[in-house]
file my_file_39.txt (compact mmCIF, C-alpha atoms)
# COMPACT_ATOMS: atom_id res chain seq x y z
CA MET I 1 141.42 80.65 53.91
CA ALA I 2 140.49 84.01 52.39
CA PHE I 3 137.03 82.62 51.63
CA PHE I 4 136.38 81.88 55.32
CA VAL I 5 137.59 85.38 56.30
CA TRP I 6 135.07 86.95 53.92
CA VAL I 7 132.27 84.68 55.11
CA ASN I 8 132.97 85.53 58.77
CA LEU I 9 133.09 89.23 57.95
CA PHE I 10 129.75 89.01 56.16
CA ILE I 11 128.17 87.19 59.13
CA ILE I 12 129.46 89.83 61.58
CA ILE I 13 128.16 92.74 59.49
CA PHE I 14 124.79 91.06 58.89
CA SER I 15 124.42 90.23 62.60
CA PHE I 16 125.20 93.82 63.52
CA PHE I 17 122.37 95.15 61.39
CA LEU I 18 119.94 92.56 62.73
CA THR I 19 120.68 93.33 66.38
CA ALA I 20 121.57 97.02 66.33
CA THR I 21 118.69 98.37 64.27
CA PRO I 22 115.43 98.03 66.21
CA ILE I 23 112.13 98.77 64.53
CA PHE I 24 111.75 102.17 66.23
CA SER I 25 115.37 103.30 65.68
CA ASP I 26 114.59 104.71 62.23
CA SER I 27 112.40 107.81 62.53
CA ASN I 28 110.85 107.09 59.17
CA SER I 29 109.52 103.73 60.42
CA ILE I 30 107.91 105.06 63.60
CA PRO I 31 104.12 105.38 63.37
CA ASN I 32 102.77 108.92 63.42
CA PHE I 33 101.21 108.72 66.85
CA LEU I 34 99.57 112.14 66.47
CA ASP I 35 97.61 110.97 63.44
CA LEU I 36 96.59 107.85 65.34
CA ALA I 37 95.54 109.85 68.42
CA LYS I 38 93.35 112.10 66.28
CA GLU I 39 91.42 109.19 64.81
CA PRO I 40 87.80 109.18 66.09
CA GLN I 41 88.05 105.80 67.82
CA VAL I 42 90.91 107.13 69.97
CA PHE I 43 89.91 110.79 70.33
CA ASP I 44 86.27 110.11 71.19
CA TRP I 45 87.36 107.40 73.63
CA MET I 46 89.63 109.88 75.46
CA VAL I 47 86.95 112.58 75.52
CA GLY I 48 84.46 110.18 77.08
CA ILE I 49 86.93 109.22 79.80
CA ARG I 50 87.83 112.82 80.54
CA ARG I 51 84.19 113.89 80.88
CA LYS I 52 83.32 111.01 83.16
CA ILE I 53 86.24 111.84 85.45
CA HIS I 54 85.33 115.53 85.35
CA GLU I 55 81.80 114.79 86.51
CA ASN I 56 83.10 112.83 89.51
CA PRO I 57 86.09 114.72 90.95
CA GLU I 58 87.95 113.23 93.90
CA VAL I 59 90.57 115.02 96.00
CA CYS I 60 93.88 113.63 97.22
CA TYR I 61 93.90 110.00 98.34
CA GLU I 62 90.13 109.77 97.74
CA GLU I 63 90.38 108.90 94.04
CA PHE I 64 88.72 105.50 94.44
CA GLU I 65 86.19 105.83 91.59
CA THR I 66 88.79 107.44 89.30
CA SER I 67 91.13 104.54 90.04
CA LYS I 68 88.33 102.06 89.36
CA LEU I 69 87.63 103.68 85.98
CA ILE I 70 91.34 103.59 85.05
CA ARG I 71 91.55 99.89 85.93
CA ALA I 72 88.43 99.17 83.88
CA LYS I 73 89.96 100.86 80.85
CA LEU I 74 93.26 98.99 81.30
CA ASP I 75 91.30 95.72 81.53
CA GLU I 76 89.48 96.70 78.35
CA LEU I 77 92.84 97.16 76.61
CA GLY I 78 94.35 93.99 78.04
CA ILE I 79 97.04 95.88 79.95
CA ALA I 80 98.45 94.38 83.15
CA TYR I 81 98.67 96.60 86.24
CA LYS I 82 99.34 96.79 89.97
CA HIS I 83 96.81 98.22 92.44
CA PRO I 84 96.61 99.69 94.97
CA VAL I 85 99.86 101.66 95.01
CA ALA I 86 100.01 104.74 97.24
CA VAL I 87 96.39 104.19 98.36
CA THR I 88 94.59 104.73 95.04
CA GLY I 89 97.39 104.70 92.48
CA VAL I 90 97.55 102.33 89.50
CA ILE I 91 100.76 101.20 87.76
CA GLY I 92 100.31 99.69 84.28
CA TYR I 93 102.79 97.82 82.04
CA ILE I 94 102.97 97.61 78.25
CA GLY I 95 105.68 95.87 76.24
CA THR I 96 108.03 92.98 76.75
CA GLY I 97 107.91 93.01 80.55
CA LEU I 98 111.70 93.12 80.43
CA PRO I 99 114.30 95.95 80.53
CA PRO I 100 114.72 98.63 79.52
CA PHE I 101 111.90 100.41 81.35
CA VAL I 102 110.59 103.94 80.82
CA ALA I 103 107.76 105.55 82.80
CA LEU I 104 104.94 107.97 81.92
CA ARG I 105 102.99 109.78 84.65
CA ALA I 106 99.51 111.28 84.98
CA ASP I 107 98.16 112.81 88.20
CA MET I 108 94.48 112.17 88.88
CA ASP I 109 93.24 114.19 91.86
CA ALA I 110 90.85 117.16 91.86
CA LEU I 111 90.62 120.34 93.94
CA PRO I 112 88.24 121.51 96.70
CA ILE I 113 86.63 124.14 94.44
CA GLN I 114 82.96 124.61 93.52
CA GLU I 115 82.68 124.59 89.72
CA SER I 116 81.05 127.68 88.18
CA VAL I 117 81.18 126.57 84.53
CA GLU I 118 77.71 125.64 83.31
CA TRP I 119 77.97 122.74 80.84
CA GLU I 120 76.63 119.24 80.32
CA HIS I 121 79.46 117.55 82.22
CA LYS I 122 79.78 119.92 85.17
CA SER I 123 81.04 118.44 88.44
CA LYS I 124 78.35 116.47 90.24
CA VAL I 125 80.18 116.68 93.58
CA ALA I 126 79.55 119.80 95.64
CA GLY I 127 82.69 121.72 96.48
CA LYS I 128 84.99 119.64 94.29
CA MET I 129 86.22 120.22 90.76
CA HIS I 130 88.90 119.24 88.28
CA ALA I 131 90.31 122.76 88.06
CA CYS I 132 93.88 121.88 87.07
CA GLY I 133 93.44 119.52 84.13
CA HIS I 134 94.22 116.25 85.86
CA ASP I 135 91.15 114.69 84.25
CA ALA I 136 92.76 115.49 80.90
CA HIS I 137 96.11 114.11 82.08
CA VAL I 138 94.54 110.73 82.91
CA SER I 139 92.67 110.64 79.59
CA MET I 140 95.83 111.41 77.61
CA LEU I 141 97.88 108.73 79.35
CA LEU I 142 95.11 106.19 78.72
CA GLY I 143 95.06 107.34 75.10
CA ALA I 144 98.80 106.75 74.89
CA ALA I 145 98.28 103.32 76.46
CA LYS I 146 95.70 102.44 73.82
CA ILE I 147 98.05 103.45 71.00
CA LEU I 148 101.09 101.73 72.48
CA LYS I 149 99.14 98.54 73.15
CA ASP I 150 98.26 98.39 69.47
CA HIS I 151 102.01 98.55 68.70
CA GLU I 152 103.18 96.46 71.66
CA LYS I 153 105.03 93.94 69.48
CA ASP I 154 107.29 96.75 68.24
CA LEU I 155 108.29 98.07 71.67
CA GLN I 156 111.93 97.46 72.59
CA GLY I 157 111.25 97.15 76.33
CA THR I 158 108.52 98.06 78.81
CA VAL I 159 106.48 101.23 79.29
CA VAL I 160 105.40 101.84 82.90
CA LEU I 161 102.14 103.80 83.22
CA VAL I 162 101.96 105.77 86.48
CA PHE I 163 98.47 106.94 87.46
CA GLN I 164 99.33 108.97 90.53
CA PRO I 165 97.04 110.21 93.33
CA ALA I 166 97.35 113.30 95.48
CA GLU I 167 99.47 115.78 93.51
CA GLU I 168 97.67 118.85 94.85
CA GLY I 169 99.75 119.60 97.93
CA CYS I 170 99.72 116.05 99.30
CA GLY I 171 102.88 114.69 97.70
CA GLY I 172 101.44 111.52 96.18
CA ALA I 173 104.54 111.16 94.03
CA LYS I 174 106.64 110.51 97.12
CA LYS I 175 104.40 107.60 98.12
CA ILE I 176 104.76 106.18 94.60
CA VAL I 177 108.55 106.39 94.88
CA ASP I 178 108.51 104.87 98.37
CA ALA I 179 106.45 101.95 97.01
CA GLY I 180 109.47 100.88 94.91
CA VAL I 181 107.78 101.34 91.55
CA PHE I 182 110.90 102.65 89.80
CA GLU I 183 113.35 99.82 90.32
CA ASN I 184 115.27 99.44 87.02
CA VAL I 185 113.31 102.31 85.39
CA SER I 186 115.66 104.47 83.32
CA ALA I 187 113.61 107.67 83.03
CA ILE I 188 110.17 109.17 83.61
CA PHE I 189 108.23 111.73 81.56
CA GLY I 190 105.24 113.84 82.55
CA LEU I 191 103.22 116.75 81.21
CA HIS I 192 100.88 119.46 82.42
CA VAL I 193 98.33 121.30 80.30
CA LEU I 194 98.67 125.09 80.19
CA TYR I 195 95.72 127.39 79.62
CA ASN I 196 97.55 130.29 77.90
CA LEU I 197 99.93 128.40 75.60
CA PRO I 198 98.63 127.87 72.03
CA LEU I 199 97.07 124.51 71.23
CA GLY I 200 99.62 121.97 70.07
CA GLU I 201 102.65 123.86 71.36
CA VAL I 202 104.93 122.65 74.14
CA ALA I 203 107.15 124.62 76.50
CA SER I 204 109.91 123.42 78.80
CA ARG I 205 113.48 123.99 79.90
CA SER I 206 116.53 122.15 81.16
CA GLY I 207 117.32 122.61 84.83
CA PRO I 208 114.98 124.21 87.40
CA GLN I 209 111.43 124.53 86.06
CA PHE I 210 109.28 124.74 89.20
CA ALA I 211 110.22 125.90 92.68
CA GLY I 212 110.42 123.80 95.80
CA SER I 213 107.63 124.68 98.21
CA GLY I 214 106.61 124.33 101.83
CA PHE I 215 103.88 125.60 104.14
CA PHE I 216 103.84 126.97 107.64
CA GLU I 217 101.25 127.80 110.28
CA ALA I 218 101.79 129.68 113.54
CA ILE I 219 99.60 130.25 116.58
CA ILE I 220 100.49 133.47 118.37
CA SER I 221 99.05 133.54 121.89
CA GLY I 222 98.57 136.54 124.18
CA ARG I 223 95.84 137.45 126.66
CA GLY I 224 92.43 138.61 125.52
CA GLY I 225 90.43 141.48 126.94
CA HIS I 226 88.30 144.53 126.23
CA ALA I 227 89.49 146.63 123.32
CA ALA I 228 88.87 149.83 125.35
CA ILE I 229 91.47 148.87 127.97
CA PRO I 230 94.32 147.25 125.97
CA GLN I 231 96.78 147.80 128.86
CA HIS I 232 95.17 144.86 130.64
CA SER I 233 95.65 142.55 127.63
CA ILE I 234 98.53 141.14 125.62
CA ASP I 235 97.47 141.79 122.05
CA PRO I 236 98.23 138.89 119.65
CA ILE I 237 96.86 140.81 116.65
CA LEU I 238 99.52 143.49 117.05
CA ALA I 239 102.16 140.80 117.53
CA ALA I 240 100.99 138.93 114.42
CA SER I 241 101.06 142.16 112.40
CA ASN I 242 104.68 142.74 113.37
CA VAL I 243 105.51 139.14 112.57
CA ILE I 244 104.10 139.44 109.04
CA VAL I 245 106.05 142.62 108.28
CA SER I 246 109.26 141.11 109.68
CA LEU I 247 108.86 137.94 107.65
CA GLN I 248 109.03 140.00 104.46
CA HIS I 249 112.49 141.20 105.45
CA ILE I 250 113.79 137.63 105.06
CA ILE I 251 113.40 137.96 101.29
CA SER I 252 114.17 141.67 100.87
CA ARG I 253 117.19 141.86 103.18
CA GLU I 254 118.59 138.37 103.68
CA ALA I 255 118.12 136.52 100.38
CA ASP I 256 120.38 136.94 97.36
CA PRO I 257 118.38 139.03 94.84
CA LEU I 258 119.59 136.67 92.09
CA ASP I 259 118.25 133.62 93.96
CA SER I 260 114.48 133.69 93.40
CA GLN I 261 112.51 133.12 96.59
CA VAL I 262 108.93 133.80 97.72
CA LEU I 263 107.43 134.02 101.21
CA THR I 264 103.72 134.81 101.38
CA VAL I 265 101.44 135.00 104.42
CA ALA I 266 98.02 134.11 103.04
CA LYS I 267 96.14 133.19 106.21
CA PHE I 268 95.26 135.48 109.17
CA GLN I 269 92.57 134.36 111.60
CA GLY I 270 91.84 136.01 114.92
CA GLY I 271 89.04 137.70 116.78
CA ALA I 272 85.27 137.62 116.30
CA ALA I 273 84.11 140.96 117.70
CA PHE I 274 84.93 144.61 117.08
CA ASN I 275 85.64 145.40 120.71
CA VAL I 276 87.35 142.25 122.00
CA ILE I 277 91.08 141.52 121.83
CA PRO I 278 91.36 137.75 121.22
CA ASP I 279 93.51 135.33 123.14
CA SER I 280 95.29 134.11 120.03
CA VAL I 281 95.80 134.61 116.30
CA THR I 282 96.64 132.01 113.66
CA ILE I 283 98.68 132.93 110.59
CA GLY I 284 99.91 130.73 107.77
CA GLY I 285 101.48 130.81 104.35
CA THR I 286 103.88 129.32 101.84
CA PHE I 287 107.57 129.70 101.06
CA ARG I 288 109.35 128.72 97.87
CA SER I 289 112.82 128.60 96.32
CA PHE I 290 114.81 126.84 93.61
CA SER I 291 117.46 125.30 95.88
CA ARG I 292 117.36 123.12 98.97
CA GLU I 293 119.93 125.37 100.67
CA SER I 294 117.78 128.48 100.29
CA PHE I 295 114.69 126.57 101.33
CA THR I 296 116.34 125.22 104.50
CA GLN I 297 117.61 128.67 105.44
CA MET I 298 114.20 130.22 104.88
CA LYS I 299 112.50 127.57 107.00
CA HIS I 300 114.97 128.21 109.83
CA ARG I 301 114.48 131.96 109.68
CA ILE I 302 110.66 131.75 109.51
CA GLU I 303 110.57 130.00 112.85
CA GLN I 304 113.13 132.38 114.37
CA VAL I 305 111.32 135.53 113.22
CA ILE I 306 107.85 134.34 114.31
CA THR I 307 108.91 133.30 117.80
CA GLY I 308 111.23 136.28 118.24
CA GLN I 309 108.81 138.96 117.09
CA ALA I 310 105.99 137.42 119.13
CA ALA I 311 108.22 137.57 122.21
CA VAL I 312 108.93 141.27 121.59
CA GLN I 313 105.18 141.87 122.01
CA ARG I 314 105.06 139.61 125.13
CA CYS I 315 103.34 136.80 123.24
CA ASN I 316 104.19 133.14 122.79
CA ALA I 317 104.27 131.45 119.37
CA THR I 318 104.25 127.86 118.15
CA VAL I 319 105.22 127.15 114.54
CA SER I 320 104.31 124.09 112.46
CA PHE I 321 105.54 123.28 108.98
CA LEU I 322 102.70 120.80 108.39
CA ASP I 323 105.09 118.03 107.31
CA GLU I 324 102.46 115.29 107.49
CA GLU I 325 99.56 117.15 105.89
CA LYS I 326 101.45 119.16 103.26
CA PRO I 327 104.94 117.71 102.75
CA PHE I 328 107.77 119.76 101.35
CA PHE I 329 108.01 119.60 97.55
CA PRO I 330 111.60 119.72 96.23
CA PRO I 331 112.42 121.94 93.24
CA THR I 332 111.45 120.39 89.90
CA VAL I 333 114.68 120.11 87.92
CA ASN I 334 114.60 118.72 84.38
CA ASN I 335 117.43 116.42 83.34
CA ASP I 336 119.63 118.01 80.67
CA ASP I 337 120.03 114.87 78.54
CA LEU I 338 116.28 114.28 78.61
CA HIS I 339 115.73 117.93 77.62
CA HIS I 340 117.69 117.42 74.39
CA TYR I 341 115.90 114.14 73.77
CA PHE I 342 112.48 115.72 74.39
CA GLN I 343 113.21 118.57 71.98
CA CYS I 344 114.15 116.14 69.22
CA VAL I 345 110.99 114.07 69.69
CA ALA I 346 108.66 117.08 70.04
CA LYS I 347 110.09 118.86 67.00
CA SER I 348 109.74 115.70 64.93
CA LEU I 349 106.12 115.22 66.03
CA LEU I 350 104.86 118.83 66.18
CA GLY I 351 107.31 120.90 64.13
CA ALA I 352 110.25 122.98 65.37
CA ASP I 353 108.14 126.14 65.60
CA LYS I 354 105.84 124.46 68.15
CA VAL I 355 108.60 123.75 70.68
CA LYS I 356 109.25 126.70 73.00
CA GLY I 357 111.47 127.55 75.93
CA ILE I 358 110.13 128.79 79.24
CA GLU I 359 111.39 130.70 82.26
CA PRO I 360 111.41 129.05 85.71
CA MET I 361 108.09 129.31 87.56
CA MET I 362 107.43 129.71 91.28
CA GLY I 363 104.63 127.15 91.20
CA SER I 364 105.49 123.68 92.53
CA GLU I 365 104.98 120.15 91.22
CA ASP I 366 105.44 116.88 93.09
CA PHE I 367 106.92 115.37 89.93
CA ALA I 368 110.12 116.57 91.64
CA PHE I 369 110.02 113.50 93.90
CA TYR I 370 110.44 111.31 90.82
CA GLN I 371 113.37 113.42 89.64
CA GLU I 372 115.13 112.82 92.94
CA ALA I 373 114.85 109.05 92.37
CA LEU I 374 115.65 108.82 88.63
CA PRO I 375 116.15 111.05 85.57
CA GLY I 376 112.89 112.86 84.92
CA TYR I 377 111.40 115.42 82.56
CA ILE I 378 108.15 117.37 82.69
CA PHE I 379 106.84 119.77 80.05
CA LEU I 380 103.89 122.08 79.52
CA LEU I 381 101.35 121.40 76.76
CA GLY I 382 99.34 124.27 75.30
CA MET I 383 95.58 124.07 74.81
CA GLU I 384 94.43 127.61 74.06
CA ASP I 385 92.66 128.30 70.76
CA VAL I 386 92.17 132.08 70.69
CA SER I 387 89.83 131.77 67.71
CA VAL I 388 87.38 130.10 70.11
CA GLU I 389 88.10 131.68 73.51
CA HIS I 390 90.74 132.72 76.00
CA LEU I 391 90.81 130.00 78.65
CA PRO I 392 90.64 130.88 82.38
CA SER I 393 93.66 130.03 84.51
CA GLY I 394 93.89 126.93 86.69
CA HIS I 395 92.71 126.61 90.29
CA THR I 396 89.68 128.79 89.60
CA PRO I 397 85.94 127.87 89.46
CA TYR I 398 85.88 128.87 85.76
CA TYR I 399 88.68 126.57 84.58
CA LYS I 400 88.12 124.78 81.27
CA VAL I 401 89.98 122.20 79.21
CA ASN I 402 90.06 122.43 75.42
CA GLU I 403 89.57 118.76 74.60
CA ASP I 404 91.36 119.20 71.28
CA VAL I 405 94.55 118.99 73.36
CA LEU I 406 93.99 115.31 74.18
CA PRO I 407 95.54 113.81 71.01
CA TYR I 408 98.67 115.94 71.43
CA GLY I 409 99.27 114.70 74.96
CA ALA I 410 98.59 111.07 74.04
CA ALA I 411 100.89 111.25 71.02
CA LEU I 412 103.71 112.92 72.94
CA HIS I 413 103.48 110.32 75.71
CA ALA I 414 103.55 107.45 73.20
CA SER I 415 106.36 108.94 71.11
CA LEU I 416 108.56 109.76 74.10
CA ALA I 417 108.19 106.25 75.48
CA ALA I 418 108.57 104.24 72.26
CA LYS I 419 111.53 106.21 70.98
CA TYR I 420 113.25 106.24 74.34
CA LEU I 421 113.06 102.46 74.60
CA ALA I 422 114.49 102.19 71.09
CA LYS I 423 117.27 104.61 72.07
CA LEU I 424 118.14 102.60 75.18
CA HIS I 425 118.02 99.35 73.21
CA GLN I 426 120.38 100.78 70.61
CA GLU I 427 122.81 102.05 73.26
CA LEU I 428 122.78 98.67 74.99
CA ARG I 429 123.65 96.91 71.74
CA VAL I 430 126.54 99.33 71.14
CA VAL I 431 127.90 98.76 74.65
CA GLU I 432 127.59 94.99 74.27
CA GLY I 433 129.36 95.21 70.91
CA LYS I 434 132.24 97.23 72.35
CA TYR I 435 132.52 94.81 75.27
CA HIS I 436 132.59 91.87 72.84
CA ASP I 437 135.33 93.58 70.80
CA GLU I 438 137.40 94.15 73.93
CA LEU I 439 137.16 90.46 74.82

call {"tool": "encode", "arguments": {"input": "my_file_39.txt", "output": "structure tokens"}}
result
Amino acid sequence: MAFFVWVNLFIIIFSFFLTATPIFSDSNSIPNFLDLAKEPQVFDWMVGIRRKIHENPEVCYEEFETSKLIRAKLDELGIAYKHPVAVTGVIGYIGTGLPPFVALRADMDALPIQESVEWEHKSKVAGKMHACGHDAHVSMLLGAAKILKDHEKDLQGTVVLVFQPAEEGCGGAKKIVDAGVFENVSAIFGLHVLYNLPLGEVASRSGPQFAGSGFFEAIISGRGGHAAIPQHSIDPILAASNVIVSLQHIISREADPLDSQVLTVAKFQGGAAFNVIPDSVTIGGTFRSFSRESFTQMKHRIEQVITGQAAVQRCNATVSFLDEEKPFFPPTVNNDDLHHYFQCVAKSLLGADKVKGIEPMMGSEDFAFYQEALPGYIFLLGMEDVSVEHLPSGHTPYYKVNEDVLPYGAALHASLAAKYLAKLHQELRVVEGKYHDEL
């Protein structure tokens, strides 16, 4: 009888090690994805993709050629995908095709900016430019796909590749979410290159990282006339001037000083002659905060102040928040559990000294739409090499990407996905084991 007890015990212990120790659960057995991403056949491949995309920039929901190139590269790698999703988006799949699922995202749209950098691969499209690094983002995610495909047999689930259109103010992420892409997906990771963070360093935080943002436009209407006899006119320029000053009081006198908020009027259009009071003036701007409550209150007060102050000057005002053209972006809030996980993976891959914290930023990122649907985490990836040059900031005609950053992004994507699937697989086995014990 004792013999059978020992045999059963041995079988249970042996089965536990077979099922509960996936290939990627031991950090020593995980391939060094950074070394792989730096190999010429991967690095040069990513550089070529990035330069081709850079030469042919496409703005939001017009990324047809970019999408075509992505699909061609996925075909080349033998990776299955869905298309079109959210007009031009592409969703790829690597792994078992079964749960668990983890997603990686790259945005792919350009900006309406005329490039001023003179180099061999300058934008060939007048008035359009990749001035925010999205060409690099696509290249890095494809690089990660290439690496992961080579190790597909070792993946403990499925990696979902999200090539997203229309990040720049158009909210493409929301269309991706609405398309039902994330059913059964456990988490999503994303990155953004940063011009003034050292090459190979990452920066992020738990909780709010980027502000929620919205836009507004108002037409203030009066009655035009000759500037020499203003008493016969109703001056919309004077009314608009009072509106702009009063809008600033929303932040300085109504908002909690410890609750960061921004309201900026950046557009003022009215009049075409020095001696003619116009019939109307158009103003517009952006407002941002780190909470939905603050954002909603600000939106309410913007409309109240514009219409009220216009009425004081005998003018009428109509206010639009441009919901269709420029949808509201929620605050980008990083999941706390994913923050700890990211730090472990990044420190293992890059070294503890390369993993930095960061303060919240008033910029916005439509990655927030993903985080409202499932746990999500976005981080910043440095690409500045001061021994070569100080890189210009984003959204300018002089923006540059240091292509040496590409292996770091690819390796981080691949490591985050592979290890997260192994982590989920391990947790599932533990839960199943506990459930079996309870039975």

call {"tool": "closest_residue", "arguments": {"input": "my_file_39.txt", "among": "I:Met298, I:Ile277, I:Ile306, I:Leu391", "to": "Ile220 of chain I", "atoms": "only C-alpha atoms"}}
result
I:Ile306

call {"tool": "residues_around", "arguments": {"input": "my_file_39.txt", "residues": "His413 of chain I", "least_positions_apart": "6", "cutoff": "10 Å", "atoms": "all atoms listed in the file", "output": "ChimeraX atom specification"}}
result
/I:33,103-105,140-145,147-148,189-191,407

call {"tool": "residues_near_point", "arguments": {"input": "my_file_39.txt", "point": "(99.5, 125.3, 69.7)", "cutoff": "7 Å", "atoms": "all atoms listed in the file", "output": "ChimeraX atom specification"}}
result
/I:197-201,354,382-383

call {"tool": "residues_near_point", "arguments": {"input": "my_file_39.txt", "point": "(109.0, 132.8, 101.5)", "cutoff": "6 Å", "atoms": "only C-alpha atoms", "output": "list in words"}}
result
Val262, Leu263, Thr264, Phe287 and Arg288 of chain I

call {"tool": "closest_residue", "arguments": {"input": "my_file_39.txt", "among": "I:Gly212, I:Pro57, I:Gly224, I:Pro331", "to": "Ser123 of chain I", "atoms": "all atoms listed in the file"}}
result
I:Pro57

call {"tool": "closest_residue", "arguments": {"input": "my_file_39.txt", "among": "I:Gln41, I:Ala106, I:Asn275, I:Gln297", "to": "Ile229 of chain I", "atoms": "only C-alpha atoms"}}
result
I:Asn275

call {"tool": "residues_around", "arguments": {"input": "my_file_39.txt", "residues": "Ser221 of chain I", "least_positions_apart": "6", "cutoff": "10 Å", "atoms": "only C-alpha atoms", "output": "ChimeraX atom specification"}}
result
/I:234-237,239-240,278-282,310,314-318

call {"tool": "atom_distance", "arguments": {"input": "my_file_39.txt", "atom1": "atom CA of Glu167 of chain I", "atom2": "atom CA of Ala255 of chain I"}}
result
28.7 Å

call {"tool": "closest_residue", "arguments": {"input": "my_file_39.txt", "among": "I:Cys132, I:Ala110, I:Met46, I:Leu74", "to": "Thr396 of chain I", "atoms": "all atoms listed in the file"}}
result
I:Cys132

call {"tool": "closest_residue", "arguments": {"input": "my_file_39.txt", "among": "I:His395, I:Lys299, I:His54, I:Lys153", "to": "Ala136 of chain I", "atoms": "all atoms listed in the file"}}
result
I:His54

call {"tool": "closest_atom_pairs", "arguments": {"input": "my_file_39.txt", "of": "segment 136-197 of chain I", "to": "segment 80-99 of chain I", "cutoff": "6 Å", "atoms": "only C-alpha atoms", "output": "tab-separated table"}}
result
residue	atom	partner	partner_atom	distance
I:Glu152	CA	I:Gly95	CA	5.3
I:Leu155	CA	I:Gly95	CA	5.7
I:Gly157	CA	I:Thr96	CA	5.3
I:Thr158	CA	I:Gly95	CA	4.4
I:Val159	CA	I:Ile94	CA	5.1
I:Val160	CA	I:Tyr93	CA	4.9
I:Leu161	CA	I:Gly92	CA	4.6
I:Val162	CA	I:Ile91	CA	4.9
I:Phe163	CA	I:Val90	CA	5.1
I:Gln164	CA	I:Gly89	CA	5.1
I:Pro165	CA	I:Gly89	CA	5.6
I:Lys175	CA	I:Ala86	CA	5.3
I:Ile176	CA	I:Ala86	CA	5.6

call {"tool": "write_last_selection", "arguments": {"input": "my_file_39.txt", "atoms": "C-alpha atoms", "output": "mmCIF file, in the frame of the given file"}}
result
data_model
loop_
_atom_site.group_PDB
_atom_site.id
_atom_site.type_symbol
_atom_site.label_atom_id
_atom_site.label_comp_id
_atom_site.auth_asym_id
_atom_site.auth_seq_id
_atom_site.Cartn_x
_atom_site.Cartn_y
_atom_site.Cartn_z
ATOM 1 C CA GLU I 152 103.180 96.460 71.660
ATOM 2 C CA LEU I 155 108.290 98.070 71.670
ATOM 3 C CA GLY I 157 111.250 97.150 76.330
ATOM 4 C CA THR I 158 108.520 98.060 78.810
ATOM 5 C CA VAL I 159 106.480 101.230 79.290
ATOM 6 C CA VAL I 160 105.400 101.840 82.900
ATOM 7 C CA LEU I 161 102.140 103.800 83.220
ATOM 8 C CA VAL I 162 101.960 105.770 86.480
ATOM 9 C CA PHE I 163 98.470 106.940 87.460
ATOM 10 C CA GLN I 164 99.330 108.970 90.530
ATOM 11 C CA PRO I 165 97.040 110.210 93.330
ATOM 12 C CA LYS I 175 104.400 107.600 98.120
ATOM 13 C CA ILE I 176 104.760 106.180 94.600
#

call {"tool": "residues_around", "arguments": {"input": "my_file_39.txt", "residues": "Phe290 of chain I", "least_positions_apart": "5", "cutoff": "12 Å", "atoms": "all atoms listed in the file", "output": "MDAnalysis selection string"}}
result
chainID I and resid 207:214 258:262 295:296 298 329:333 360:364 368

call {"tool": "atom_distance", "arguments": {"input": "my_file_39.txt", "atom1": "atom CA of Ala227 of chain I", "atom2": "atom CA of Ala273 of chain I"}}
result
9.6 Å

call {"tool": "closest_residue", "arguments": {"input": "my_file_39.txt", "among": "I:Phe216, I:Lys52, I:Phe64, I:Phe182", "to": "Lys326 of chain I", "atoms": "all atoms listed in the file"}}
result
I:Phe216

call {"tool": "atom_distance", "arguments": {"input": "my_file_39.txt", "atom1": "atom CA of Pro230 of chain I", "atom2": "atom CA of Val276 of chain I"}}
result
9.5 Å

call {"tool": "residues_around", "arguments": {"input": "my_file_39.txt", "residues": "Phe379 of chain I", "least_positions_apart": "2", "cutoff": "8 Å", "atoms": "only C-alpha atoms", "output": "PyMOL selection string"}}
result
chain I and resi 190-192+202-205+377+381

call {"tool": "residues_around", "arguments": {"input": "my_file_39.txt", "residues": "segment 124-127 of chain I", "least_positions_apart": "3", "cutoff": "8 Å", "atoms": "only C-alpha atoms", "output": "list in words"}}
result
Glu55, Asn56, Pro57, Pro112, Ile113, Gln114 and Glu115 of chain I
